[in-house]
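Next comes run_11.json, with JSON, C-alpha atoms.
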[["chain", "number", "residue", "atom", "x", "y", "z"],
["A", 294, "MET", "CA", 0.00, 0.00, 0.00],
["A", 295, "GLY", "CA", 1.21, 3.49, -0.83],
["A", 296, "PRO", "CA", 1.21, 6.50, 1.49],
["A", 297, "GLY", "CA", -2.27, 7.47, 2.67],
["A", 298, "ASN", "CA", -3.61, 4.02, 1.85],
["A", 299, "GLU", "CA", -3.24, 2.54, 5.34],
["A", 300, "ASP", "CA", -5.60, -0.27, 6.23],
["A", 301, "PHE", "CA", -8.71, 1.64, 7.43],
["A", 302, "ARG", "CA", -9.57, -1.22, 9.80],
["A", 303, "LYS", "CA", -6.52, -0.29, 11.90],
["A", 304, "ASN", "CA", -7.79, 3.27, 12.34],
["A", 305, "PRO", "CA", -8.93, 3.66, 16.01],
["A", 306, "LYS", "CA", -11.98, 5.65, 14.91],
["A", 307, "PHE", "CA", -13.14, 2.80, 12.68],
["A", 308, "GLN", "CA", -12.51, 0.30, 15.48],
["A", 309, "ASN", "CA", -14.66, 2.38, 17.85],
["A", 310, "ILE", "CA", -17.45, 2.53, 15.28],
["A", 311, "ALA", "CA", -17.30, -1.20, 14.57],
["A", 312, "ALA", "CA", -17.16, -2.14, 18.27],
["A", 313, "GLY", "CA", -19.92, 0.30, 19.21],
["A", 314, "ARG", "CA", -22.36, -1.02, 16.65],
["A", 315, "LYS", "CA", -21.94, -4.52, 18.05],
["A", 316, "ARG", "CA", -23.18, -3.60, 21.52],
["A", 317, "LYS", "CA", -26.37, -2.10, 22.83],
["A", 318, "MET", "CA", -26.23, 1.28, 24.49],
["A", 319, "LYS", "CA", -26.60, 0.97, 28.27],
["A", 320, "ALA", "CA", -29.26, 3.04, 29.96],
["A", 321, "ALA", "CA", -29.95, 3.64, 33.65],
["A", 322, "ILE", "CA", -33.15, 5.03, 35.14],
["A", 323, "ILE", "CA", -33.68, 7.07, 38.29],
["A", 324, "THR", "CA", -37.14, 7.85, 39.59],
["A", 325, "SER", "CA", -37.11, 10.73, 42.05],
["A", 326, "SER", "CA", -40.09, 10.34, 44.34],
["A", 327, "ASP", "CA", -40.43, 10.49, 48.12],
["A", 328, "LYS", "CA", -43.66, 8.47, 47.98],
["A", 329, "GLY", "CA", -42.25, 5.95, 45.51],
["A", 330, "TYR", "CA", -39.15, 5.46, 47.67],
["A", 331, "ALA", "CA", -41.35, 4.91, 50.75],
["A", 332, "GLY", "CA", -43.45, 2.33, 48.86],
["A", 333, "GLU", "CA", -46.54, 4.54, 48.98],
["A", 334, "ARG", "CA", -46.80, 5.02, 45.20],
["A", 335, "GLU", "CA", -46.19, 2.73, 42.23],
["A", 336, "ASP", "CA", -43.39, 3.85, 39.90],
["A", 337, "VAL", "CA", -45.41, 4.09, 36.68],
["A", 338, "SER", "CA", -43.15, 6.68, 35.00],
["A", 339, "GLY", "CA", -40.01, 4.61, 35.57],
["A", 340, "GLN", "CA", -41.73, 1.56, 34.08],
["A", 341, "VAL", "CA", -42.93, 3.52, 31.04],
["A", 342, "MET", "CA", -39.37, 4.79, 30.58],
["A", 343, "GLU", "CA", -37.91, 1.29, 30.88],
["A", 344, "ASP", "CA", -40.39, -0.18, 28.39],
["A", 345, "ILE", "CA", -39.73, 2.52, 25.78],
["A", 346, "LEU", "CA", -35.94, 2.36, 26.18],
["A", 347, "LYS", "CA", -35.93, -1.45, 25.87],
["A", 348, "GLU", "CA", -38.13, -1.25, 22.78],
["A", 349, "ALA", "CA", -35.66, 1.27, 21.32],
["A", 350, "GLY", "CA", -32.83, -1.24, 21.80],
["A", 351, "TYR", "CA", -31.22, -0.02, 25.02],
["A", 352, "GLU", "CA", -29.95, -2.41, 27.67],
["A", 353, "ILE", "CA", -31.27, -1.32, 31.08],
["A", 354, "MET", "CA", -28.31, -1.68, 33.42],
["A", 355, "ARG", "CA", -29.99, -0.30, 36.53],
["A", 356, "LYS", "CA", -33.30, 1.19, 37.62],
["A", 357, "VAL", "CA", -33.75, 2.79, 41.04],
["A", 358, "ILE", "CA", -36.28, 4.81, 43.00],
["A", 359, "LEU", "CA", -34.80, 7.46, 45.27],
["A", 360, "PRO", "CA", -36.29, 10.12, 47.52],
["A", 361, "ASP", "CA", -36.19, 13.76, 46.46],
["A", 362, "ASP", "CA", -32.76, 14.21, 48.04],
["A", 363, "ARG", "CA", -30.14, 16.20, 46.12],
["A", 364, "GLN", "CA", -27.09, 14.34, 47.45],
["A", 365, "MET", "CA", -28.58, 10.84, 47.08],
["A", 366, "LEU", "CA", -29.61, 11.61, 43.50],
["A", 367, "ALA", "CA", -26.19, 13.06, 42.61],
["A", 368, "ASP", "CA", -24.36, 10.12, 44.23],
["A", 369, "GLU", "CA", -26.43, 7.62, 42.25],
["A", 370, "MET", "CA", -25.87, 9.48, 38.97],
["A", 371, "LEU", "CA", -22.11, 9.46, 39.64],
["A", 372, "ARG", "CA", -22.23, 5.73, 40.42],
["A", 373, "MET", "CA", -24.13, 5.05, 37.18],
["A", 374, "CYS", "CA", -21.58, 7.08, 35.20],
["A", 375, "GLN", "CA", -18.71, 5.17, 36.80],
["A", 376, "ASP", "CA", -20.45, 1.86, 36.08],
["A", 377, "GLY", "CA", -20.55, 2.66, 32.36],
["A", 378, "ALA", "CA", -24.03, 4.00, 31.67],
["A", 379, "ASP", "CA", -24.23, 5.60, 28.24],
["A", 380, "LEU", "CA", -27.54, 7.27, 29.08],
["A", 381, "ILE", "CA", -29.08, 8.16, 32.44],
["A", 382, "MET", "CA", -32.73, 9.12, 32.33],
["A", 383, "THR", "CA", -34.43, 10.61, 35.37],
["A", 384, "THR", "CA", -38.13, 11.02, 35.97],
["A", 385, "GLY", "CA", -39.65, 13.28, 38.60],
["A", 386, "GLY", "CA", -38.39, 16.10, 40.74],
["A", 387, "THR", "CA", -38.37, 18.74, 37.98],
["A", 388, "GLY", "CA", -41.28, 20.90, 39.08],
["A", 389, "PHE", "CA", -41.76, 23.79, 41.51],
["A", 390, "SER", "CA", -42.23, 21.87, 44.76],
["A", 391, "GLN", "CA", -39.69, 22.61, 47.50],
["A", 392, "ARG", "CA", -38.69, 18.91, 47.33],
["A", 393, "ASP", "CA", -38.14, 18.92, 43.52],
["A", 394, "VAL", "CA", -34.33, 18.88, 43.32],
["A", 395, "THR", "CA", -33.47, 16.62, 40.38],
["A", 396, "PRO", "CA", -32.10, 19.47, 38.19],
["A", 397, "GLU", "CA", -29.92, 20.69, 41.07],
["A", 398, "ALA", "CA", -28.59, 17.17, 41.66],
["A", 399, "THR", "CA", -27.90, 16.81, 37.94],
["A", 400, "ARG", "CA", -25.96, 20.11, 37.90],
["A", 401, "MET", "CA", -23.73, 18.69, 40.66],
["A", 402, "VAL", "CA", -22.77, 15.82, 38.31],
["A", 403, "ILE", "CA", -22.60, 17.13, 34.74],
["A", 404, "GLU", "CA", -19.55, 18.74, 33.19],
["A", 405, "ARG", "CA", -21.31, 20.24, 30.15],
["A", 406, "GLU", "CA", -24.94, 21.18, 29.61],
["A", 407, "ALA", "CA", -26.94, 19.91, 26.62],
["A", 408, "ARG", "CA", -29.68, 22.54, 26.58],
["A", 409, "GLY", "CA", -30.90, 21.67, 23.11],
["A", 410, "ILE", "CA", -32.41, 18.44, 24.42],
["A", 411, "THR", "CA", -34.53, 20.06, 27.12],
["A", 412, "ASP", "CA", -35.34, 22.99, 24.82],
["A", 413, "ALA", "CA", -36.66, 20.53, 22.21],
["A", 414, "ILE", "CA", -38.73, 18.71, 24.82],
["A", 415, "LEU", "CA", -40.12, 22.02, 26.08],
["A", 416, "PHE", "CA", -41.04, 23.31, 22.62],
["A", 417, "TYR", "CA", -42.70, 20.00, 21.72],
["A", 418, "SER", "CA", -44.50, 19.72, 25.07],
["A", 419, "LEU", "CA", -45.83, 23.28, 24.85],
["A", 420, "SER", "CA", -47.79, 22.18, 21.76],
["A", 421, "ILE", "CA", -49.56, 19.69, 24.04],
["A", 422, "THR", "CA", -50.01, 21.69, 27.26],
["A", 423, "PRO", "CA", -49.08, 25.19, 28.41],
["A", 424, "ARG", "CA", -48.11, 23.70, 31.78],
["A", 425, "ALA", "CA", -44.94, 22.34, 30.15],
["A", 426, "MET", "CA", -43.44, 25.77, 30.89],
["A", 427, "LEU", "CA", -43.33, 24.75, 34.55],
["A", 428, "SER", "CA", -40.58, 22.19, 33.96],
["A", 429, "ARG", "CA", -37.10, 22.92, 35.29],
["A", 430, "ALA", "CA", -35.56, 19.82, 33.66],
["A", 431, "ILE", "CA", -31.97, 19.94, 32.39],
["A", 432, "ALA", "CA", -29.71, 17.66, 30.36],
["A", 433, "GLY", "CA", -25.96, 17.37, 30.34],
["A", 434, "ILE", "CA", -22.86, 15.29, 29.83],
["A", 435, "ARG", "CA", -20.39, 13.78, 32.25],
["A", 436, "GLY", "CA", -17.51, 12.05, 30.50],
["A", 437, "GLU", "CA", -19.20, 9.79, 27.95],
["A", 438, "THR", "CA", -22.56, 9.68, 29.73],
["A", 439, "LEU", "CA", -25.60, 11.74, 28.76],
["A", 440, "ILE", "CA", -28.02, 12.60, 31.59],
["A", 441, "VAL", "CA", -31.56, 13.77, 30.79],
["A", 442, "ASN", "CA", -34.24, 14.88, 33.26],
["A", 443, "LEU", "CA", -37.88, 14.21, 32.38],
["A", 444, "PRO", "CA", -41.07, 15.06, 34.31],
["A", 445, "GLY", "CA", -42.70, 12.60, 36.68],
["A", 446, "SER", "CA", -45.87, 12.15, 34.61],
["A", 447, "PRO", "CA", -46.04, 8.83, 32.70],
["A", 448, "LYS", "CA", -47.78, 10.63, 29.82],
["A", 449, "ALA", "CA", -45.07, 13.32, 29.65],
["A", 450, "VAL", "CA", -42.32, 10.65, 29.80],
["A", 451, "LYS", "CA", -43.84, 8.81, 26.84],
["A", 452, "GLU", "CA", -44.35, 11.98, 24.79],
["A", 453, "ALA", "CA", -40.83, 13.26, 25.47],
["A", 454, "LEU", "CA", -39.10, 9.94, 24.76],
["A", 455, "ASP", "CA", -41.06, 9.37, 21.57],
["A", 456, "TYR", "CA", -39.91, 12.80, 20.41],
["A", 457, "ILE", "CA", -36.22, 12.77, 21.44],
["A", 458, "LEU", "CA", -35.03, 9.15, 21.21],
["A", 459, "PRO", "CA", -34.13, 9.10, 17.50],
["A", 460, "SER", "CA", -31.89, 12.16, 17.91],
["A", 461, "LEU", "CA", -30.50, 10.98, 21.27],
["A", 462, "LYS", "CA", -29.15, 7.83, 19.64],
["A", 463, "HIS", "CA", -27.16, 9.90, 17.17],
["A", 464, "GLY", "CA", -25.93, 12.23, 19.92],
["A", 465, "LEU", "CA", -24.75, 9.26, 21.98],
["A", 466, "GLU", "CA", -22.91, 7.83, 18.98],
["A", 467, "ILE", "CA", -21.08, 11.15, 18.58],
["A", 468, "LEU", "CA", -20.36, 11.33, 22.33],
["A", 469, "LYS", "CA", -18.92, 7.80, 22.27],
["A", 470, "GLY", "CA", -16.81, 8.47, 19.17],
["A", 471, "LEU", "CA", -18.90, 6.06, 17.09],
["A", 472, "ASP", "CA", -19.93, 8.77, 14.63],
["A", 473, "SER", "CA", -18.67, 12.22, 13.85],
["A", 474, "GLU", "CA", -21.21, 13.75, 11.50],
["A", 475, "CYS", "CA", -24.30, 15.72, 12.43],
["A", 476, "ALA", "CA", -25.24, 16.51, 8.85],
["A", 477, "ARG", "CA", -27.81, 14.23, 7.31],
["A", 478, "LYS", "CA", -26.64, 12.09, 4.44],
["A", 479, "GLU", "CA", -29.11, 12.30, 1.60]]
structure tokens encoding of this file:
Amino acid sequence: MGPGNEDFRKNPKFQNIAAGRKRKMKAAIITSSDKGYAGEREDVSGQVMEDILKEAGYEIMRKVILPDDRQMLADEMLRMCQDGADLIMTTGGTGFSQRDVTPEATRMVIEREARGITDAILFYSLSITPRAMLSRAIAGIRGETLIVNLPGSPKAVKEALDYILPSLKHGLEILKGLDSECARKE
């Protein structure tokens, strides 16, 4: 082979792409709910989230219910990042209640914000209900893990995931070094 004609299969970028397409993305789910944690309420939103993520091809590596406690939520997100989660989805704790602290816990963990995700969810959700403006959800990145807050309503979880999942997959592939292009190929 002449110069510039190296075997492309030895290129680390190609190896990442090939390896990444052979494995499922790993997702983790956190439900933030005092009543759910105490066993006083069924975790419907977390189950809806799990079902949709599995159907979309994600491997669910962990699913937990925690109280609305900033430090406990942040500690669990850090643990999930360290354990190799590609995607951490939270449900609950994004409203105006004094106990709603999921966005604050997420800010303690992320290194970079990904505002476009929550902006897209907000714009889409506002076409369904004006109350969507009451969400304080955030999204961000820690290392190679994307963390996204969703509301605690099962209906809102389904609507948001149906809207964002196709784009999230592409974003995760870029984050993991499995793809590098955002432009659509026609």
Inset, instruction - Find the residues around Leu346 of chain A up to 12 Å (all atoms listed in the file counted), leave out those fewer than 2 positions away in its own chain, and share them as a ChimeraX atom specification. - result: /A:317-322,339-344,348-354,356,380-382,450-451,453-455,457-459,461-462
Legend entry - Å distance separating atom CA of Thr324 of chain A from atom CA of Ala413 of chain A, one decimal place: 21.5 Å
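Distances here use only C-alpha atoms; by that measure, the residue among A:Glu404, A:Asp412, A:Glu369, A:Glu397 closest to Glu437 of chain A is A:Glu404.
Of the listed residues A:Ile345, A:Leu415, A:Ile403, A:Ile358, the one whose atoms come nearest to Thr384 of chain A is A:Ile358, with distances taken using only C-alpha atoms.
Pairwise distance (atom CA of Tyr417 of chain A, atom CA of Ala430 of chain A) equals 13.9 Å.
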Inset, instruction - Go through A:Gly386, A:Gly436, A:Arg316, A:Ile410 one by one, measure the shortest atom-to-atom distance of each to Ser460 of chain A using only C-alpha atoms, and give the residue with the smallest value. - result: A:Ile410
Legend entry - d(atom CA of Ala449 of chain A, atom CA of Leu366 of chain A) in Å: 20.8 Å
Inset, instruction - Give the answer as one residue: which of A:Leu419, A:Ala407, A:Met401, A:Met426 has the shortest atom-to-atom distance to Thr387 of chain A, using only C-alpha atoms? - result: A:Met426
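Proximity to Gly433 of chain A was assessed for A:Gln391, A:Thr411, A:Gln375, A:Ser446 counting all atoms listed in the file; the smallest distance is recorded for A:Thr411.
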Extract segment 390-427 of chain A from the structure I just pasted (atoms: C-alpha atoms) and return it as an mmCIF file, in the first residue's frame.
data_model
loop_
_atom_site.group_PDB
_atom_site.id
_atom_site.type_symbol
_atom_site.label_atom_id
_atom_site.label_comp_id
_atom_site.auth_asym_id
_atom_site.auth_seq_id
_atom_site.Cartn_x
_atom_site.Cartn_y
_atom_site.Cartn_z
ATOM 1 C CA SER A 390 -42.235 21.867 44.761
ATOM 2 C CA GLN A 391 -39.692 22.607 47.499
ATOM 3 C CA ARG A 392 -38.688 18.910 47.330
ATOM 4 C CA ASP A 393 -38.138 18.925 43.524
ATOM 5 C CA VAL A 394 -34.326 18.884 43.320
ATOM 6 C CA THR A 395 -33.469 16.624 40.376
ATOM 7 C CA PRO A 396 -32.101 19.468 38.191
ATOM 8 C CA GLU A 397 -29.920 20.694 41.070
ATOM 9 C CA ALA A 398 -28.592 17.166 41.660
ATOM 10 C CA THR A 399 -27.902 16.809 37.937
ATOM 11 C CA ARG A 400 -25.959 20.108 37.901
ATOM 12 C CA MET A 401 -23.730 18.689 40.657
ATOM 13 C CA VAL A 402 -22.767 15.819 38.308
ATOM 14 C CA ILE A 403 -22.605 17.131 34.739
ATOM 15 C CA GLU A 404 -19.547 18.745 33.190
ATOM 16 C CA ARG A 405 -21.313 20.237 30.152
ATOM 17 C CA GLU A 406 -24.944 21.184 29.606
ATOM 18 C CA ALA A 407 -26.941 19.906 26.623
ATOM 19 C CA ARG A 408 -29.681 22.536 26.585
ATOM 20 C CA GLY A 409 -30.899 21.673 23.112
ATOM 21 C CA ILE A 410 -32.405 18.440 24.422
ATOM 22 C CA THR A 411 -34.529 20.062 27.115
ATOM 23 C CA ASP A 412 -35.340 22.994 24.816
ATOM 24 C CA ALA A 413 -36.656 20.531 22.210
ATOM 25 C CA ILE A 414 -38.731 18.707 24.815
ATOM 26 C CA LEU A 415 -40.117 22.018 26.083
ATOM 27 C CA PHE A 416 -41.042 23.307 22.618
ATOM 28 C CA TYR A 417 -42.704 20.002 21.725
ATOM 29 C CA SER A 418 -44.504 19.725 25.070
ATOM 30 C CA LEU A 419 -45.835 23.276 24.845
ATOM 31 C CA SER A 420 -47.793 22.179 21.764
ATOM 32 C CA ILE A 421 -49.559 19.691 24.043
ATOM 33 C CA THR A 422 -50.005 21.687 27.262
ATOM 34 C CA PRO A 423 -49.079 25.193 28.406
ATOM 35 C CA ARG A 424 -48.112 23.696 31.778
ATOM 36 C CA ALA A 425 -44.945 22.342 30.152
ATOM 37 C CA MET A 426 -43.435 25.771 30.889
ATOM 38 C CA LEU A 427 -43.329 24.752 34.555
#
